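Shown next: entry.csv, given as CSV, C-alpha atoms.
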chain,number,residue,atom,x,y,z
P,299,MET,CA,117.9,108.0,153.8
P,300,LEU,CA,115.6,106.5,151.1
P,301,ARG,CA,113.6,108.9,149.0
P,302,LYS,CA,109.9,108.2,149.0
P,303,PRO,CA,108.2,107.9,145.6
P,304,VAL,CA,106.6,111.2,144.5
P,305,LYS,CA,102.8,111.2,144.7
P,306,GLY,CA,99.8,113.4,143.9
P,307,ALA,CA,100.2,117.1,143.1
P,308,ALA,CA,103.9,117.0,143.9
P,309,LYS,CA,104.5,114.4,141.2
P,310,ALA,CA,102.6,116.5,138.7
P,311,ALA,CA,104.6,119.5,139.5
P,312,LEU,CA,107.9,117.6,139.4
P,313,PHE,CA,107.2,116.1,136.0
P,314,SER,CA,105.7,119.0,134.2
P,315,PRO,CA,109.1,119.5,132.3
P,316,TYR,CA,108.7,116.0,131.0
P,317,SER,CA,105.4,116.7,129.2
P,318,ALA,CA,107.4,117.2,125.9
P,319,TRP,CA,108.3,113.5,126.1
P,320,ASP,CA,104.7,112.6,125.4
P,321,GLN,CA,105.5,113.4,121.7
P,322,LEU,CA,108.6,111.2,121.4
P,323,PRO,CA,108.4,108.2,119.0
P,324,ASN,CA,110.2,105.9,121.4
P,325,ALA,CA,108.8,104.3,124.6
P,326,LEU,CA,110.1,106.0,127.7
P,327,LEU,CA,109.9,105.5,131.5
P,328,VAL,CA,111.2,107.6,134.3
P,329,VAL,CA,112.1,105.3,137.3
P,330,ASP,CA,112.7,106.1,140.9
P,331,TYR,CA,116.1,104.5,141.3
P,332,ASP,CA,115.8,104.0,145.1
P,333,HIS,CA,112.5,102.1,144.9
P,334,GLN,CA,112.9,101.0,141.2
P,335,THR,CA,109.3,102.1,140.6
P,336,VAL,CA,107.9,103.9,137.6
P,337,VAL,CA,107.0,107.6,138.2
P,338,TYR,CA,106.4,108.6,134.6
P,339,ALA,CA,105.5,106.8,131.3
P,340,ASN,CA,105.0,108.4,127.9
P,341,PRO,CA,102.2,107.4,125.5
P,342,MET,CA,104.6,105.2,123.4
P,343,ALA,CA,105.4,103.2,126.6
P,344,GLU,CA,101.7,102.8,127.3
P,345,MET,CA,101.3,101.4,123.8
P,346,SER,CA,104.4,99.2,124.0
P,347,LEU,CA,103.5,97.7,127.4
P,348,ASP,CA,99.7,97.7,126.7
P,349,LEU,CA,99.1,99.4,130.1
P,350,SER,CA,97.8,102.8,130.9
P,351,ARG,CA,100.0,105.5,132.5
P,352,LYS,CA,97.7,105.4,135.6
P,353,ILE,CA,98.5,101.7,136.0
P,354,LEU,CA,102.2,102.0,135.1
P,355,GLU,CA,103.1,104.7,137.5
P,356,GLY,CA,103.8,103.0,140.8
P,357,LEU,CA,104.7,99.6,139.3
P,358,SER,CA,108.2,98.2,139.9
P,359,ILE,CA,110.7,97.3,137.2
P,360,GLN,CA,110.2,93.6,138.3
P,361,ASP,CA,106.4,94.0,137.8
P,362,LEU,CA,106.9,94.9,134.2
P,363,PHE,CA,110.0,93.0,133.1
P,364,GLY,CA,110.5,90.3,135.7
P,365,GLN,CA,113.9,89.6,137.4
P,366,HIS,CA,115.9,91.2,134.6
P,367,GLN,CA,119.5,91.2,135.8
P,368,ASP,CA,120.9,92.9,132.7
P,369,LEU,CA,118.5,95.8,133.0
P,370,ILE,CA,119.2,96.2,136.7
P,371,LYS,CA,123.0,96.2,136.0
P,372,MET,CA,122.4,99.0,133.5
P,373,LEU,CA,120.5,101.0,136.1
P,374,HIS,CA,123.3,100.4,138.7
P,375,ALA,CA,126.0,101.3,136.2
P,376,VAL,CA,124.4,104.7,135.3
P,377,GLN,CA,123.8,105.6,139.0
P,378,GLY,CA,126.8,104.0,140.6
P,379,GLU,CA,129.5,104.9,138.1
P,380,GLN,CA,128.0,108.3,137.2
P,381,ILE,CA,128.2,107.6,133.4
P,382,ASP,CA,125.6,109.4,131.3
P,383,ALA,CA,124.0,106.4,129.5
P,384,GLN,CA,124.2,102.7,128.8
P,385,ARG,CA,122.7,101.0,125.8
P,386,GLN,CA,122.1,97.3,124.9
P,387,ASP,CA,119.8,95.0,122.9
P,388,LEU,CA,117.6,93.2,125.5
P,389,GLN,CA,114.6,91.0,125.7
P,390,LEU,CA,112.2,92.8,128.1
P,391,GLY,CA,109.8,90.8,130.2
P,392,PRO,CA,107.2,89.9,130.7
P,393,GLY,CA,106.8,90.4,134.4
P,394,PRO,CA,103.9,89.6,136.7
P,395,SER,CA,101.9,92.6,135.6
P,396,ARG,CA,102.3,91.6,131.9
P,397,ALA,CA,102.2,87.8,132.3
P,398,ASP,CA,99.9,87.4,129.3
P,399,HIS,CA,102.0,89.4,127.0
P,400,GLN,CA,104.9,88.5,124.7
P,401,PRO,CA,108.5,89.7,125.6
P,402,ILE,CA,109.7,92.8,123.8
P,403,MET,CA,113.0,92.5,121.8
P,404,ALA,CA,114.3,96.1,121.9
P,405,HIS,CA,117.3,98.4,121.8
P,406,VAL,CA,117.3,99.8,125.4
P,407,VAL,CA,119.0,103.0,126.6
P,408,VAL,CA,119.3,103.8,130.3
P,409,GLY,CA,120.2,107.4,131.0
P,410,ARG,CA,121.0,109.6,134.0
P,411,LEU,CA,118.8,112.6,134.7
P,412,ASP,CA,119.5,115.8,136.6
P,413,ASP,CA,117.7,114.5,139.7
P,414,PRO,CA,120.1,111.9,141.2
P,415,HIS,CA,117.2,109.7,142.3
P,416,LEU,CA,115.7,109.3,138.8
P,417,VAL,CA,116.8,107.2,135.9
P,418,LEU,CA,115.5,107.2,132.3
P,419,ILE,CA,114.7,104.0,130.5
P,420,GLU,CA,114.0,104.3,126.7
P,421,TRP,CA,113.5,101.5,124.2
P,422,LEU,CA,112.8,101.0,120.5
P,423,PRO,CA,111.6,97.5,119.5
P,424,LEU,CA,114.1,96.0,117.1
P,425,ASP,CA,111.5,95.0,114.6
P,426,GLN,CA,110.2,98.6,114.5
P,427,GLN,CA,113.8,99.9,114.0
P,428,LEU,CA,114.4,97.4,111.2
P,429,ARG,CA,111.0,98.2,109.7
P,430,SER,CA,111.7,101.9,109.8
P,431,GLU,CA,115.0,101.5,108.0
P,432,ARG,CA,113.4,99.1,105.4
P,433,ASP,CA,110.5,101.6,104.8
P,434,ALA,CA,113.0,104.5,104.3
P,435,ARG,CA,115.0,102.5,101.8
P,436,LEU,CA,111.8,101.4,100.0
P,437,VAL,CA,110.6,105.0,99.7
P,438,GLN,CA,113.9,106.1,98.2
P,439,GLN,CA,114.0,103.1,95.8
P,440,VAL,CA,110.4,103.7,94.7
P,441,GLU,CA,111.0,107.4,94.1
P,442,ALA,CA,114.1,106.7,92.1
P,443,ASN,CA,112.2,104.2,89.9
P,444,LYS,CA,109.2,106.4,89.5
P,445,SER,CA,111.5,109.3,88.4
P,446,LEU,CA,113.1,107.1,85.9
P,447,MET,CA,109.8,105.8,84.5
P,448,ARG,CA,108.4,109.3,84.4
P,449,ASN,CA,111.3,110.6,82.4
P,450,LEU,CA,111.1,107.6,80.1
P,451,ALA,CA,107.4,108.1,79.6
P,452,HIS,CA,108.0,111.7,78.5
P,453,GLU,CA,110.7,110.6,76.0
P,454,ILE,CA,108.3,108.0,74.6
P,455,LYS,CA,105.2,110.2,74.3
P,456,ASN,CA,106.3,112.5,71.4
P,457,PRO,CA,107.7,109.8,69.0
P,458,LEU,CA,104.6,107.6,69.8
P,459,GLY,CA,102.3,110.3,68.5
P,460,GLY,CA,104.4,110.6,65.3
P,461,ILE,CA,104.2,106.9,64.7
P,462,ARG,CA,100.4,106.8,65.1
P,463,GLY,CA,100.0,109.8,62.9
P,464,ALA,CA,102.2,108.3,60.2
P,465,ALA,CA,100.3,105.0,60.3
P,466,GLN,CA,97.0,106.9,59.8
P,467,LEU,CA,98.4,108.8,56.8
P,468,LEU,CA,99.8,105.6,55.4
P,469,GLU,CA,96.4,103.9,55.7
P,470,PHE,CA,94.8,106.7,53.6
P,471,GLU,CA,97.4,106.2,50.9
P,472,LEU,CA,97.2,102.4,50.7
P,473,PRO,CA,95.2,101.3,47.6
P,474,ASP,CA,94.6,97.8,48.9
P,475,ARG,CA,92.2,97.8,51.9
P,476,SER,CA,93.4,94.4,53.0
P,477,LEU,CA,96.6,96.1,54.0
P,478,HIS,CA,94.7,98.3,56.5
P,479,GLU,CA,94.9,95.4,58.9
P,480,TYR,CA,98.6,96.1,59.4
P,481,THR,CA,98.2,99.9,59.9
P,482,GLN,CA,95.4,99.2,62.4
P,483,VAL,CA,97.9,97.0,64.4
P,484,ILE,CA,100.3,100.0,64.5
P,485,ILE,CA,97.5,102.4,65.5
P,486,LYS,CA,96.1,100.1,68.2
P,487,GLU,CA,99.5,99.3,69.7
P,488,SER,CA,100.4,103.0,69.7
P,489,ASP,CA,97.1,103.7,71.5
P,490,ARG,CA,97.9,100.9,74.1
P,491,LEU,CA,101.4,102.3,74.7
P,492,GLN,CA,99.9,105.8,74.9
P,493,SER,CA,97.5,104.6,77.6
P,494,LEU,CA,100.4,103.0,79.5
P,495,VAL,CA,102.4,106.3,79.3
P,496,ASP,CA,99.4,108.3,80.5
P,497,ARG,CA,99.1,105.9,83.5
P,498,LEU,CA,102.7,106.4,84.3
P,499,LEU,CA,102.3,110.2,84.2
P,500,ALA,CA,98.8,110.5,85.7
P,501,PRO,CA,99.6,110.1,89.5
P,502,HIS,CA,102.2,112.9,89.3
P,503,ARG,CA,99.7,115.5,88.3
P,504,LYS,CA,98.4,117.6,91.2
P,505,GLN,CA,95.6,115.9,93.2
P,506,HIS,CA,92.7,117.9,94.8
P,507,ILE,CA,93.6,117.1,98.4
P,508,ASP,CA,91.3,119.8,99.7
P,509,ASP,CA,88.2,118.1,101.1
P,510,PHE,CA,87.4,115.7,103.9
P,511,VAL,CA,86.8,112.1,103.1
P,512,ASN,CA,85.2,109.3,105.1
P,513,ILE,CA,87.6,106.3,104.7
P,514,HIS,CA,84.7,103.9,105.3
P,515,GLU,CA,82.8,105.3,102.3
P,516,VAL,CA,85.9,104.7,100.2
P,517,LEU,CA,86.2,101.1,101.5
P,518,GLU,CA,82.5,100.4,100.9
P,519,ARG,CA,82.8,101.7,97.3
P,520,VAL,CA,85.8,99.5,96.7
P,521,ARG,CA,84.1,96.5,98.3
P,522,SER,CA,81.1,96.8,96.1
P,523,LEU,CA,83.2,97.2,92.9
P,524,VAL,CA,85.3,94.1,93.7
P,525,LEU,CA,82.3,91.9,94.8
P,526,ALA,CA,80.6,92.9,91.5
P,527,GLU,CA,83.5,91.4,89.6
P,528,PHE,CA,83.9,88.4,91.9
P,529,PRO,CA,80.3,87.6,93.1
P,530,GLN,CA,81.0,84.0,94.0
P,531,GLY,CA,83.5,82.4,96.3
P,532,LEU,CA,85.0,85.7,97.8
P,533,THR,CA,84.1,87.2,101.2
P,534,ILE,CA,85.2,90.7,102.0
P,535,LYS,CA,85.0,91.2,105.8
P,536,ARG,CA,84.6,94.6,107.4
P,537,ASN,CA,86.5,95.3,110.6
P,538,TYR,CA,86.0,99.0,111.0
P,539,ASP,CA,86.6,101.5,113.8
P,540,ILE,CA,83.6,103.8,113.0
P,541,SER,CA,84.8,106.4,115.4
P,542,LEU,CA,87.6,107.5,113.1
P,543,PRO,CA,87.6,111.1,111.9
P,544,ASP,CA,87.5,112.1,108.3
P,545,LEU,CA,90.7,112.4,106.2
P,546,LEU,CA,91.8,115.4,104.3
P,547,GLY,CA,92.2,114.1,100.8
P,548,ASP,CA,91.1,113.3,97.3
P,549,GLN,CA,88.3,110.7,97.4
P,550,GLU,CA,88.7,109.5,93.9
P,551,ALA,CA,92.5,109.0,94.3
P,552,LEU,CA,91.9,107.1,97.5
P,553,ILE,CA,89.3,104.9,95.9
P,554,GLN,CA,91.7,104.1,93.1
P,555,ALA,CA,94.6,103.4,95.5
P,556,VAL,CA,92.6,101.0,97.7
P,557,LEU,CA,90.9,99.4,94.7
P,558,ASN,CA,94.3,98.6,93.1
P,559,VAL,CA,95.3,96.8,96.3
P,560,VAL,CA,92.0,95.0,96.9
P,561,HIS,CA,91.7,94.0,93.2
P,562,ASN,CA,95.2,92.6,93.2
P,563,ALA,CA,94.4,90.6,96.3
P,564,ALA,CA,91.2,89.2,94.7
P,565,GLN,CA,93.1,88.2,91.5
P,566,ALA,CA,95.7,86.4,93.7
P,567,LEU,CA,92.9,84.3,95.3
P,568,THR,CA,92.0,82.3,92.2
P,569,GLU,CA,92.3,78.9,93.8
P,570,GLU,CA,90.6,80.1,97.1
P,571,ILE,CA,87.7,81.6,95.1
P,572,ALA,CA,87.2,78.3,93.3
P,573,GLN,CA,87.1,76.5,96.6
P,574,GLU,CA,84.9,79.3,98.1
P,575,THR,CA,87.4,80.0,100.9
P,576,ALA,CA,88.7,83.3,99.7
P,577,VAL,CA,88.7,86.1,102.4
P,578,ILE,CA,89.8,89.7,102.2
P,579,GLU,CA,89.6,91.7,105.4
P,580,LEU,CA,89.4,95.5,105.5
P,581,GLN,CA,90.5,96.8,108.9
P,582,THR,CA,90.6,100.4,110.1
P,583,ARG,CA,92.1,101.6,113.4
P,584,VAL,CA,93.7,104.8,114.7
P,585,ALA,CA,97.4,105.0,115.2
P,586,ARG,CA,98.9,107.5,117.7
P,587,ASN,CA,102.3,109.3,117.6
P,588,VAL,CA,103.4,107.8,114.3
P,589,THR,CA,106.4,108.8,112.1
P,590,ILE,CA,105.8,108.8,108.4
P,591,SER,CA,108.6,109.9,106.1
P,592,LYS,CA,110.4,111.5,109.1
P,593,GLN,CA,107.4,113.6,109.9
P,594,ARG,CA,105.7,113.1,113.3
P,595,TYR,CA,101.9,112.9,113.5
P,596,LYS,CA,99.7,112.7,116.7
P,597,LEU,CA,96.9,110.7,114.9
P,598,ALA,CA,96.9,108.7,111.7
P,599,LEU,CA,94.7,106.2,109.9
P,600,ASP,CA,96.0,102.6,110.2
P,601,LEU,CA,94.3,100.6,107.4
P,602,HIS,CA,95.1,96.9,106.8
P,603,ILE,CA,94.0,95.0,103.7
P,604,LYS,CA,94.5,91.3,104.5
P,605,ASP,CA,93.9,88.2,102.4
P,606,ASN,CA,94.4,84.4,102.8
P,607,GLY,CA,96.0,83.9,99.4
P,608,PRO,CA,99.2,82.2,98.4
P,609,GLY,CA,101.4,85.2,99.3
P,610,ILE,CA,103.7,87.3,97.2
P,611,PRO,CA,106.4,85.3,95.4
P,612,GLU,CA,109.7,85.6,97.2
P,613,GLU,CA,111.6,86.9,94.2
P,614,ILE,CA,109.5,90.0,93.9
P,615,LYS,CA,108.5,90.6,97.5
P,616,ASP,CA,110.9,93.5,97.9
P,617,LYS,CA,110.0,95.0,94.5
P,618,ILE,CA,106.2,95.0,94.4
P,619,PHE,CA,105.9,98.8,94.5
P,620,PHE,CA,108.4,99.2,91.6
P,621,PRO,CA,106.9,100.2,88.2
P,622,LEU,CA,106.4,97.3,85.8
P,623,VAL,CA,106.9,94.6,88.4
P,624,SER,CA,104.1,92.1,88.4
P,625,GLY,CA,103.4,88.7,90.0
P,626,LYS,CA,100.8,87.7,87.5
P,627,GLU,CA,101.1,86.9,83.8
P,628,GLY,CA,99.9,89.8,81.6
P,629,GLY,CA,99.9,92.3,84.5
P,630,SER,CA,101.2,95.8,83.8
P,631,GLY,CA,102.9,96.1,87.2
P,632,LEU,CA,101.5,99.6,87.7
P,633,GLY,CA,98.7,99.0,90.1
P,634,LEU,CA,100.7,99.0,93.3
P,635,THR,CA,103.0,101.7,92.0
P,636,LEU,CA,100.1,104.0,91.4
P,637,ALA,CA,98.5,103.1,94.8
P,638,GLN,CA,101.8,103.9,96.6
P,639,THR,CA,102.0,107.3,94.7
P,640,TYR,CA,98.4,108.3,95.6
P,641,ILE,CA,99.0,107.4,99.3
P,642,GLN,CA,102.3,109.3,99.4
P,643,GLN,CA,100.5,112.3,98.0
P,644,HIS,CA,98.3,112.1,101.1
P,645,PHE,CA,101.5,112.3,103.2
P,646,GLY,CA,101.1,108.5,103.9
P,647,PHE,CA,102.9,105.3,103.4
P,648,MET,CA,102.1,101.8,102.3
P,649,GLY,CA,104.0,98.6,103.2
P,650,CYS,CA,103.4,94.9,103.0
P,651,THR,CA,104.2,91.7,104.9
P,652,SER,CA,103.4,88.4,103.2
P,653,ILE,CA,103.8,84.7,103.9
P,654,PRO,CA,101.9,81.8,102.3
P,655,GLY,CA,98.4,82.0,103.5
P,656,SER,CA,98.5,85.6,104.7
P,657,THR,CA,99.3,88.9,103.0
P,658,ASP,CA,98.8,92.2,104.8
P,659,PHE,CA,99.0,95.6,103.1
P,660,GLN,CA,99.3,98.4,105.7
P,661,ILE,CA,98.4,102.0,104.8
P,662,GLN,CA,99.0,104.8,107.2
P,663,MET,CA,97.8,108.3,106.5
P,664,PRO,CA,97.8,111.2,109.0
P,665,PHE,CA,94.6,113.0,110.0
P,666,ARG,CA,95.4,116.6,109.0
P,667,ILE,CA,93.5,119.9,109.0
P,668,LYS,CA,93.1,122.3,106.1
P,669,SER,CA,95.6,125.0,105.7
P,670,GLY,CA,94.5,128.1,107.5
P,671,ASP,CA,92.2,126.2,109.9
P,672,ALA,CA,92.7,126.7,113.6
Just give me the structure of the file as structure tokens.
Amino acid sequence: MLRKPVKGAAKAALFSPYSAWDQLPNALLVVDYDHQTVVYANPMAEMSLDLSRKILEGLSIQDLFGQHQDLIKMLHAVQGEQIDAQRQDLQLGPGPSRADHQPIMAHVVVGRLDDPHLVLIEWLPLDQQLRSERDARLVQQVEANKSLMRNLAHEIKNPLGGIRGAAQLLEFELPDRSLHEYTQVIIKESDRLQSLVDRLLAPHRKQHIDDFVNIHEVLERVRSLVLAEFPQGLTIKRNYDISLPDLLGDQEALIQAVLNVVHNAAQALTEEIAQETAVIELQTRVARNVTISKQRYKLALDLHIKDNGPGIPEEIKDKIFFPLVSGKEGGSGLGLTLAQTYIQQHFGFMGCTSIPGSTDFQIQMPFRIKSGDA
């Protein structure tokens, strides 16, 4: 006899053990095998399918993903052959209920549950999986390079002070003042290198991440600074979600991090500024159930800094957060490195996607509470 779909209070009671699945990073559906209808969807499934749980529960697999023979075969295999799980890379949908959506390329896992009438469908979008792996590699590479540069900076600092001091003493002893030009070159270049060393070491000093910061105040400060430098030909658009809560952080460090990214974007828009077509967009949204550096957060800031410039050169696209890598002549190559460091100190992450005509820097930082707060 066919089992009827569980409804109402009975369904709530049945699926109370699955409430922990609300926190999982992958999209997940529990399906009534007999009717092939959804009886539970976690928040990541809601986001992936762009449908609320209330709408999803009761829809059929065909409603969501169309006549998907491979997925149906996986369901049958798990139920019919009594194997624990099947996994496969599939293109999911869209079905009639998602006709206006794009298909989802995903790694799909179909698993058997204790209840013989229920089947679990879990998926991770392939682009998300690749991005997570790429981001993890990037963090490791950036950390390795920063450690190298930090150690090198310490090694340079002491002899640099000795060189500057010796040049000053030599200047006092030179009888011919015309020769002071050469000692001044040594002193000024020593000062320039000292400044570079200080910038390499500065972000690793402890930040005061102990106060709440309104991210939109940070963005407005950066916007005014950049527009003061580029008053003609550049438009900086606001696309804010003003309902966002405040971040726990260091306001000055966040201003510097965002300023470095926005200023870099403005400098890359030279031709567009001359043609008065340059646009930088600052977009804020909330991200739910995100994983940053293997740590799970319920809520995070999702900040995008987009520009319509020429894009990042292909040869440095994978190295832009490394110290001393710059796409512009005369650049120090420290701006994005420092920005990434400040964001990481706020338990966040920064990444970038770029093609000619569109560059998008994404910054994610969790909304946290102060230590000791309830």
Contacts of region 462-477 of chain P at 9 Å or less, counting only C-alpha atoms, minus same-chain residues fewer than 3 places along, as a list in words?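 Listed by chain and then number, they are Pro457, Leu458, Gly459, Tyr480, Thr481, Gln482, Ile484, Ile485, Lys486, Glu487, Ser488 and Asp489 of chain P.
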So which residues fall inside 10 Å of (87.0, 96.1, 110.1) if we count all atoms listed in the file? Mind giving them as a VMD selection string? chain P and resid 514 517 534 to 540 579 to 583 601 to 603
Please, which residues in region 478-590 of chain P fall within 10 Å of region 650-670 of chain P when counting all atoms listed in the file, and what is the closest atom pair and distance in Å to one decimal for each, ordered by chain then residue number, as CSV?
residue,atom,partner,partner_atom,distance
P:Ile507,CA,P:Lys668,CA,9.3
P:Asp508,CA,P:Lys668,CA,7.1
P:Asp509,CA,P:Lys668,CA,8.2
P:Phe510,CA,P:Ile667,CA,9.0
P:Leu542,CA,P:Phe665,CA,9.4
P:Pro543,CA,P:Phe665,CA,7.5
P:Asp544,CA,P:Phe665,CA,7.4
P:Leu545,CA,P:Phe665,CA,5.5
P:Leu546,CA,P:Arg666,CA,6.0
P:Gly547,CA,P:Arg666,CA,9.2
P:Val556,CA,P:Ile661,CA,9.2
P:Val559,CA,P:Phe659,CA,7.8
P:Val560,CA,P:Phe659,CA,9.4
P:Ala563,CA,P:Thr657,CA,8.5
P:Ile578,CA,P:Thr657,CA,9.6
P:Glu579,CA,P:Asp658,CA,9.2
P:Leu580,CA,P:Phe659,CA,9.9
P:Gln581,CA,P:Gln660,CA,9.5
P:Thr582,CA,P:Ile661,CA,9.6
P:Arg583,CA,P:Gln662,CA,9.8
P:Val584,CA,P:Gln662,CA,9.2
P:Ala585,CA,P:Gln662,CA,8.2
P:Arg586,CA,P:Pro664,CA,9.5
P:Asn587,CA,P:Pro664,CA,9.9
P:Val588,CA,P:Pro664,CA,8.4
P:Thr589,CA,P:Pro664,CA,9.5
P:Ile590,CA,P:Gln662,CA,8.0
At most 10 Å from (105.2, 108.5, 125.3), file frame, all atoms listed in the file: which residues, as a PyMOL selection string? chain P and resi 317-327+338-346+351+420+586-587
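The protein and nucleic acid residues lying at most 10 Å from Gln360 (chain P) are Gln334, Thr335, Leu357, Ser358, Leu362, Phe363, Gly364, Gln365, His366, Gln367, Ile370, Gly391, Pro392, Gly393, Pro394 and Ser395 of chain P, with all atoms listed in the file considered and sequence neighbours fewer than 2 positions away removed.
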Find the distance between CA of Pro611 (chain P) and CA of Arg521 (chain P) and write it in Å to one decimal.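 So the answer is 25.1 Å.
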Selected residue, from P:Gln492, P:Leu523, P:Leu557, P:Leu416, that lies nearest to His374 (chain P) when counting all atoms listed in the file: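 Closest residue, counting all atoms listed in the file: P:Leu416.
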Using all atoms listed in the file, which residue out of P:Ala637, P:Val524, P:Met648, P:Leu354 lies closest to Leu599 (chain P)?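 Answer, going by the shortest atom-to-atom distance: P:Met648.
Taking CA of Asp387 (chain P) as the reference point, CA of Met372 (chain P) is found at 11.6 Å.
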Could you tell me how far CA of Gly409 (chain P) lies from CA of Gln389 (chain P), in Å and to one decimal?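 Those two atoms sit 18.1 Å apart.
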Around region 555-563 of chain P, fit a box with edges along x, y and z, padding it by 8 Å on each side, then list its centre and edge lengths in Å to one decimal as AutoDock Vina command-line options.
--center_x 93.1 --center_y 97.0 --center_z 95.4 --size_x 20.4 --size_y 28.8 --size_z 20.6
Name the closest residue to Val511 (chain P) among the candidates P:Ala566, P:Leu388, P:His644, P:Ile610; distances are taken between atoms, counting all atoms listed in the file.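 Going through P:Ala566, P:Leu388, P:His644, P:Ile610 one by one, the smallest distance to Val511 (chain P) is for P:His644.
For the residues P:His399, P:Ile571, P:Gly646, P:Val337, ranking by smallest atom-to-atom distance to Leu597 (chain P) using only C-alpha atoms places P:Gly646 first.
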